[in-house]
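Accompanying notes for the structure given below.
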Amino acid sequence: MPYAWENTNTSTSSNAEQNDNQSTSIGVLTPTQSGTDVTPTTAVNQNTQNDVIDSIIANMDLQEKIGQMFIVSFTGTNVSADLITLVHDYHVGGVILFSENIQDDKQLLALLNGIKALNEGNKLPILISTDQEGGRISRLPSRATKFPSNLIIGKRNSATLSYQIGSILGTEMKAYGFNMDFAPVLDVVTNPQNKVIGDRSFGSNPDLVSTLGVATMKGISSSGVIPVVKHFPGHGDTSVDSHQELPVSNATLPHLRSFELLPFEKAIQNGASVVMVAHIKFANVDPSGLPASLSEVFISDILRNELGFSGVVITDDLHMEAITKHYSVGDAAIKAVQAGADMVLICHSLDEQKQAINALVHAVKTGQISEERINESIKRIAMLKRHYDLTDEPSSIAAVLSEVGTEEHADVAKEASVAP
């Protein structure tokens, strides 16, 4: 049977005003009911929800807990032997798909339904994610609505339009069976040499990026898909691509507070669910020399304590050369968790994925990391999945045909493409 939560939700109003509401107790943006089957969890049943989550965690062994802290990629367009190993034997908490995994509507639907069926024996539903930002970073099949880059959307400077775009991105993802989107990009792009972010950013003004980024985030969430804001604490002033080397920034903390951090602060104030942390070294902020993704200063001190984020923290891909040129993947995973990260993203290498998971298990068994620390992350992950009422129920081709690439969606995309 596909995973289903116990019925501990209580119904709430589906008024449009709820788009601005949030669950302040654990820092998770509550999706609205409008246009979805999601029933938001409210503070009224918070104690009941905690009891359910605590019961699930109490019945998980260490291997299951550690597995939940990993999102992994895989090769191919079908459920592969490697993927079976990662889900069955390592109990991974999520998967991420890239263009190489996606061909067309029927293939993608079958693949995502297959992943959900594969997760049947695990304690929590599985996160199924991709980077559906719009513009040049778009993964869905050709039927999906095509949006211009965020830089073009930024010129429209319309929070209403950005909310609509986010809602469409999420709605079309959910029709195929995705439940997490690594978007929106909240980087403020100021370096003309920055090619890795470039037109993925809404612009060079932090207030503009804040307004449109938060609106997009809320739009994605309104569909019942989890938005992931990225790349904390800001990748817009770098010239080095972290896929190839570790970028180094000379920015000071006062500068970050007054500029790059502003969109993330605004997103957190508006109930951000998940924050992705980038591989960038800030020599004037963290004297350890660690990139932000492995840095206690950035994750625990700044993101958690100063900005008040209590949701799920995930690293950018540890397979990127910003990390692999300087650390083993196992060491990097341990450092990330010690710094306060809840989930680790590792793509492209089954050996590295297994190595990182095993390294984290070993770190707990040898006392390098306490199991209580692991439980903190597992509770955040479980609460996130519970708040979005995730299940492993299969999706249907009927949903794809009726909700993806509609004329209404095309009209919004056309509006976004028109110069102001």
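Ligands are numbered from 1 in the order shown, residues from 1 within each chain, and chains are lettered A, B, ... in the order they appear in the structure tokens.
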Residue neighbourhood Val95 in chain A, 7 Å, only C-alpha atoms, exclusion window fewer than 6 positions, as a PyMOL selection string: chain A and resi 71-73+127-129
Output C-alpha atoms for every residue in the selection just made, as a PDB file, in the first residue's frame.
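Produced file again09.pdb, reproduced below:
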```
ATOM      1  CA  ILE A  71      18.598  13.171  -1.427  1.00  0.00           C
ATOM      2  CA  VAL A  72      20.271  11.298  -4.283  1.00  0.00           C
ATOM      3  CA  SER A  73      20.274  11.227  -8.060  1.00  0.00           C
ATOM      4  CA  LEU A 127      10.732  13.334  -1.618  1.00  0.00           C
ATOM      5  CA  ILE A 128      10.759  13.445  -5.428  1.00  0.00           C
ATOM      6  CA  SER A 129      12.419  16.622  -6.624  1.00  0.00           C
TER       7      SER A 129
END
```
Distance query Ser201 in chain A at most 12 Å, only C-alpha atoms, self and fewer than 4 positions along chain excluded, as a ChimeraX atom specification: /A:133-137,148-155,183-191,194-197,205-206,208-210,212-213,229-231,234-237,263
Per-residue DSSP, range 237-342 of chain A, filtered to helix (DSSP H, G or I), as a PyMOL selection string: chain A and resi 253-258+262-269+292-294+296-306+321-324+329-339
Could you dump the residues just selected with C-alpha atoms as a PDB file, in the first residue's frame?
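Resulting contents of selection.pdb:
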```pdb
ATOM      1  CA  LEU A 253      28.999  39.832   7.525  1.00  0.00           C
ATOM      2  CA  PRO A 254      27.703  43.428   7.741  1.00  0.00           C
ATOM      3  CA  HIS A 255      27.647  43.548   3.939  1.00  0.00           C
ATOM      4  CA  LEU A 256      25.841  40.204   3.708  1.00  0.00           C
ATOM      5  CA  ARG A 257      23.266  41.380   6.248  1.00  0.00           C
ATOM      6  CA  SER A 258      22.563  44.508   4.241  1.00  0.00           C
ATOM      7  CA  LEU A 262      17.896  40.112   2.724  1.00  0.00           C
ATOM      8  CA  PRO A 263      15.900  37.838   0.355  1.00  0.00           C
ATOM      9  CA  PHE A 264      16.529  34.827   2.603  1.00  0.00           C
ATOM     10  CA  GLU A 265      15.536  36.797   5.688  1.00  0.00           C
ATOM     11  CA  LYS A 266      12.313  37.841   3.951  1.00  0.00           C
ATOM     12  CA  ALA A 267      11.608  34.262   2.847  1.00  0.00           C
ATOM     13  CA  ILE A 268      12.115  32.980   6.392  1.00  0.00           C
ATOM     14  CA  GLN A 269       9.786  35.650   7.757  1.00  0.00           C
ATOM     15  CA  ALA A 292      28.980  27.814   3.923  1.00  0.00           C
ATOM     16  CA  SER A 293      27.485  24.364   3.253  1.00  0.00           C
ATOM     17  CA  LEU A 294      29.814  22.835   5.868  1.00  0.00           C
ATOM     18  CA  GLU A 296      28.526  25.995  11.656  1.00  0.00           C
ATOM     19  CA  VAL A 297      28.894  29.784  11.495  1.00  0.00           C
ATOM     20  CA  PHE A 298      26.590  30.014   8.480  1.00  0.00           C
ATOM     21  CA  ILE A 299      24.132  27.206   9.190  1.00  0.00           C
ATOM     22  CA  SER A 300      23.774  27.303  12.975  1.00  0.00           C
ATOM     23  CA  ASP A 301      24.849  30.819  13.955  1.00  0.00           C
ATOM     24  CA  ILE A 302      23.515  32.904  11.052  1.00  0.00           C
ATOM     25  CA  LEU A 303      20.739  30.878   9.405  1.00  0.00           C
ATOM     26  CA  ARG A 304      19.301  29.236  12.512  1.00  0.00           C
ATOM     27  CA  ASN A 305      20.057  31.612  15.377  1.00  0.00           C
ATOM     28  CA  GLU A 306      20.258  35.036  13.747  1.00  0.00           C
ATOM     29  CA  GLU A 321      34.051  19.990  -7.442  1.00  0.00           C
ATOM     30  CA  ALA A 322      33.840  22.856  -4.957  1.00  0.00           C
ATOM     31  CA  ILE A 323      33.666  20.003  -2.429  1.00  0.00           C
ATOM     32  CA  THR A 324      35.347  16.996  -4.051  1.00  0.00           C
ATOM     33  CA  VAL A 329      32.351  13.016   0.287  1.00  0.00           C
ATOM     34  CA  GLY A 330      32.086  11.152   3.594  1.00  0.00           C
ATOM     35  CA  ASP A 331      34.001  13.820   5.480  1.00  0.00           C
ATOM     36  CA  ALA A 332      31.921  16.541   3.822  1.00  0.00           C
ATOM     37  CA  ALA A 333      28.660  14.834   4.833  1.00  0.00           C
ATOM     38  CA  ILE A 334      29.829  14.578   8.445  1.00  0.00           C
ATOM     39  CA  LYS A 335      30.939  18.220   8.515  1.00  0.00           C
ATOM     40  CA  ALA A 336      27.611  19.345   7.028  1.00  0.00           C
ATOM     41  CA  VAL A 337      25.599  17.554   9.710  1.00  0.00           C
ATOM     42  CA  GLN A 338      27.902  18.778  12.462  1.00  0.00           C
ATOM     43  CA  ALA A 339      27.364  22.300  11.137  1.00  0.00           C
TER      44      ALA A 339
END
```
Computed interatomic separation between CA of Asp54 in chain A and CA of Gly224 in chain A (Å): 23.5 Å
Shortest interatomic distance to Ser55 in chain A - which of A:Ala283, A:Ala382, A:Leu86, A:Ile314, counting only C-alpha atoms: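 Ranked by minimum distance to Ser55 in chain A, first place goes to A:Ala382.
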Contacts of range 361-365 of chain A within 9 Å, only C-alpha atoms, excl. fewer than 2 positions in-chain, as JSON, numbers by chain: {"A": [62, 63, 66, 334, 356, 357, 358, 359, 367, 368, 369, 370, 371, 374]}
Let's have the selection written as an mmCIF file, in the first residue's frame, with N, CA, C and O atoms.
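Once written, again-v6.cif looks like this:
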```
data_model
loop_
_atom_site.group_PDB
_atom_site.id
_atom_site.type_symbol
_atom_site.label_atom_id
_atom_site.label_comp_id
_atom_site.auth_asym_id
_atom_site.auth_seq_id
_atom_site.Cartn_x
_atom_site.Cartn_y
_atom_site.Cartn_z
ATOM 1 N N LEU A 62 18.897 3.246 13.212
ATOM 2 C CA LEU A 62 19.864 4.272 12.829
ATOM 3 C C LEU A 62 20.046 4.352 11.321
ATOM 4 O O LEU A 62 20.121 5.453 10.751
ATOM 5 N N GLN A 63 20.099 3.209 10.645
ATOM 6 C CA GLN A 63 20.270 3.213 9.192
ATOM 7 C C GLN A 63 19.111 3.921 8.503
ATOM 8 O O GLN A 63 19.308 4.689 7.554
ATOM 9 N N ILE A 66 19.478 7.795 9.147
ATOM 10 C CA ILE A 66 20.540 8.394 8.333
ATOM 11 C C ILE A 66 20.108 8.467 6.871
ATOM 12 O O ILE A 66 20.321 9.471 6.188
ATOM 13 N N ILE A 334 29.708 14.467 6.984
ATOM 14 C CA ILE A 334 29.829 14.578 8.445
ATOM 15 C C ILE A 334 29.927 16.042 8.864
ATOM 16 O O ILE A 334 29.243 16.497 9.790
ATOM 17 N N ALA A 356 29.055 8.210 1.670
ATOM 18 C CA ALA A 356 28.615 9.291 2.559
ATOM 19 C C ALA A 356 27.632 8.782 3.607
ATOM 20 O O ALA A 356 27.721 9.146 4.789
ATOM 21 N N ILE A 357 26.676 7.955 3.183
ATOM 22 C CA ILE A 357 25.707 7.407 4.130
ATOM 23 C C ILE A 357 26.415 6.559 5.176
ATOM 24 O O ILE A 357 26.184 6.691 6.392
ATOM 25 N N ASN A 358 27.320 5.688 4.731
ATOM 26 C CA ASN A 358 28.049 4.823 5.662
ATOM 27 C C ASN A 358 28.938 5.632 6.603
ATOM 28 O O ASN A 358 29.085 5.290 7.781
ATOM 29 N N ALA A 359 29.525 6.702 6.094
ATOM 30 C CA ALA A 359 30.381 7.555 6.928
ATOM 31 C C ALA A 359 29.566 8.202 8.041
ATOM 32 O O ALA A 359 30.029 8.305 9.191
ATOM 33 N N GLY A 367 30.428 7.959 18.147
ATOM 34 C CA GLY A 367 30.252 9.101 19.030
ATOM 35 C C GLY A 367 30.698 10.428 18.469
ATOM 36 O O GLY A 367 30.675 11.448 19.176
ATOM 37 N N GLN A 368 31.082 10.448 17.198
ATOM 38 C CA GLN A 368 31.491 11.710 16.578
ATOM 39 C C GLN A 368 30.299 12.655 16.429
ATOM 40 O O GLN A 368 30.426 13.878 16.510
ATOM 41 N N ILE A 369 29.127 12.078 16.194
ATOM 42 C CA ILE A 369 27.857 12.794 16.138
ATOM 43 C C ILE A 369 26.877 12.025 17.013
ATOM 44 O O ILE A 369 26.814 10.796 16.953
ATOM 45 N N SER A 370 26.120 12.731 17.842
ATOM 46 C CA SER A 370 25.174 12.044 18.721
ATOM 47 C C SER A 370 23.914 11.656 17.955
ATOM 48 O O SER A 370 23.534 12.310 16.984
ATOM 49 N N GLU A 371 23.261 10.591 18.415
ATOM 50 C CA GLU A 371 22.006 10.199 17.785
ATOM 51 C C GLU A 371 20.923 11.238 18.066
ATOM 52 O O GLU A 371 19.999 11.408 17.260
ATOM 53 N N ILE A 374 21.013 13.599 15.280
ATOM 54 C CA ILE A 374 20.351 13.008 14.118
ATOM 55 C C ILE A 374 18.839 13.112 14.268
ATOM 56 O O ILE A 374 18.114 13.463 13.322
#
```
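One distance worth recording is that between CA of Ser417 in chain A and CA of Pro192 in chain A, which is 22.5 Å.
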Separation of CA of Asp89 in chain A from CA of Gly67 in chain A in Å: 9.0 Å
Per-residue DSSP, range 176-362 of chain A, filtered to strand (DSSP E), as a VMD selection string: chain A and resid 180 to 181 226 to 232 248 to 249 274 to 277 281 to 282 312 to 315 344 to 346
Write out, as a PDB file, in the first residue's frame, the residues just selected, with N, CA and C atoms.
```
ATOM      1  N   MET A 180       8.686  18.238  -4.570  1.00  0.00           N
ATOM      2  CA  MET A 180       9.661  19.243  -4.125  1.00  0.00           C
ATOM      3  C   MET A 180      10.295  19.906  -5.338  1.00  0.00           C
ATOM      4  N   ASP A 181      10.411  21.238  -5.264  1.00  0.00           N
ATOM      5  CA  ASP A 181      11.027  22.010  -6.339  1.00  0.00           C
ATOM      6  C   ASP A 181      12.206  22.795  -5.780  1.00  0.00           C
ATOM      7  N   ILE A 226       6.759  21.435  -2.296  1.00  0.00           N
ATOM      8  CA  ILE A 226       7.655  22.094  -1.347  1.00  0.00           C
ATOM      9  C   ILE A 226       8.658  22.956  -2.100  1.00  0.00           C
ATOM     10  N   PRO A 227       8.691  24.269  -1.848  1.00  0.00           N
ATOM     11  CA  PRO A 227       9.720  25.111  -2.466  1.00  0.00           C
ATOM     12  C   PRO A 227      11.011  25.063  -1.659  1.00  0.00           C
ATOM     13  N   VAL A 228      12.135  25.119  -2.348  1.00  0.00           N
ATOM     14  CA  VAL A 228      13.455  25.172  -1.708  1.00  0.00           C
ATOM     15  C   VAL A 228      14.124  26.462  -2.139  1.00  0.00           C
ATOM     16  N   VAL A 229      14.306  27.401  -1.224  1.00  0.00           N
ATOM     17  CA  VAL A 229      14.954  28.660  -1.590  1.00  0.00           C
ATOM     18  C   VAL A 229      16.467  28.461  -1.590  1.00  0.00           C
ATOM     19  N   LYS A 230      17.131  29.071  -2.570  1.00  0.00           N
ATOM     20  CA  LYS A 230      18.560  28.842  -2.757  1.00  0.00           C
ATOM     21  C   LYS A 230      19.211  30.084  -3.372  1.00  0.00           C
ATOM     22  N   HIS A 231      20.542  30.266  -3.299  1.00  0.00           N
ATOM     23  CA  HIS A 231      21.563  29.434  -2.688  1.00  0.00           C
ATOM     24  C   HIS A 231      22.165  30.208  -1.524  1.00  0.00           C
ATOM     25  N   PHE A 232      21.665  29.981  -0.318  1.00  0.00           N
ATOM     26  CA  PHE A 232      22.088  30.688   0.878  1.00  0.00           C
ATOM     27  C   PHE A 232      23.604  30.536   1.076  1.00  0.00           C
ATOM     28  N   VAL A 248      35.316  31.827  -3.666  1.00  0.00           N
ATOM     29  CA  VAL A 248      35.736  32.517  -2.451  1.00  0.00           C
ATOM     30  C   VAL A 248      35.221  33.954  -2.524  1.00  0.00           C
ATOM     31  N   SER A 249      34.544  34.386  -1.475  1.00  0.00           N
ATOM     32  CA  SER A 249      34.018  35.745  -1.413  1.00  0.00           C
ATOM     33  C   SER A 249      34.703  36.501  -0.286  1.00  0.00           C
ATOM     34  N   VAL A 274      12.281  25.097   3.268  1.00  0.00           N
ATOM     35  CA  VAL A 274      13.594  24.484   3.078  1.00  0.00           C
ATOM     36  C   VAL A 274      14.539  25.536   2.516  1.00  0.00           C
ATOM     37  N   VAL A 275      15.773  25.541   3.030  1.00  0.00           N
ATOM     38  CA  VAL A 275      16.820  26.419   2.521  1.00  0.00           C
ATOM     39  C   VAL A 275      17.992  25.566   2.051  1.00  0.00           C
ATOM     40  N   MET A 276      18.442  25.810   0.817  1.00  0.00           N
ATOM     41  CA  MET A 276      19.648  25.156   0.313  1.00  0.00           C
ATOM     42  C   MET A 276      20.845  26.065   0.555  1.00  0.00           C
ATOM     43  N   VAL A 277      21.934  25.465   1.079  1.00  0.00           N
ATOM     44  CA  VAL A 277      23.141  26.225   1.394  1.00  0.00           C
ATOM     45  C   VAL A 277      24.209  25.942   0.338  1.00  0.00           C
ATOM     46  N   LYS A 281      33.083  29.890   0.060  1.00  0.00           N
ATOM     47  CA  LYS A 281      33.935  30.207   1.203  1.00  0.00           C
ATOM     48  C   LYS A 281      33.919  31.713   1.433  1.00  0.00           C
ATOM     49  N   PHE A 282      33.589  32.125   2.654  1.00  0.00           N
ATOM     50  CA  PHE A 282      33.576  33.533   3.034  1.00  0.00           C
ATOM     51  C   PHE A 282      34.693  33.771   4.044  1.00  0.00           C
ATOM     52  N   VAL A 312      13.944  22.906   7.305  1.00  0.00           N
ATOM     53  CA  VAL A 312      14.943  21.928   6.858  1.00  0.00           C
ATOM     54  C   VAL A 312      16.057  22.625   6.079  1.00  0.00           C
ATOM     55  N   VAL A 313      17.294  22.343   6.462  1.00  0.00           N
ATOM     56  CA  VAL A 313      18.475  22.855   5.762  1.00  0.00           C
ATOM     57  C   VAL A 313      19.074  21.730   4.930  1.00  0.00           C
ATOM     58  N   ILE A 314      19.297  22.002   3.650  1.00  0.00           N
ATOM     59  CA  ILE A 314      19.909  21.014   2.765  1.00  0.00           C
ATOM     60  C   ILE A 314      21.130  21.620   2.096  1.00  0.00           C
ATOM     61  N   THR A 315      22.161  20.809   1.918  1.00  0.00           N
ATOM     62  CA  THR A 315      23.349  21.285   1.214  1.00  0.00           C
ATOM     63  C   THR A 315      23.129  21.248  -0.287  1.00  0.00           C
ATOM     64  N   VAL A 344      21.513  16.097   3.036  1.00  0.00           N
ATOM     65  CA  VAL A 344      22.693  16.195   2.182  1.00  0.00           C
ATOM     66  C   VAL A 344      22.291  15.758   0.780  1.00  0.00           C
ATOM     67  N   LEU A 345      22.624  16.575  -0.202  1.00  0.00           N
ATOM     68  CA  LEU A 345      22.347  16.243  -1.600  1.00  0.00           C
ATOM     69  C   LEU A 345      23.618  15.681  -2.224  1.00  0.00           C
ATOM     70  N   ILE A 346      23.529  14.473  -2.780  1.00  0.00           N
ATOM     71  CA  ILE A 346      24.682  13.863  -3.462  1.00  0.00           C
ATOM     72  C   ILE A 346      24.207  13.277  -4.786  1.00  0.00           C
TER      73      ILE A 346
END
```
Contact residues around Leu109 in chain A with only C-alpha atoms at 8 Å, ignoring same-chain residues under 5 positions, as a ChimeraX atom specification: /A:176-177,395-397
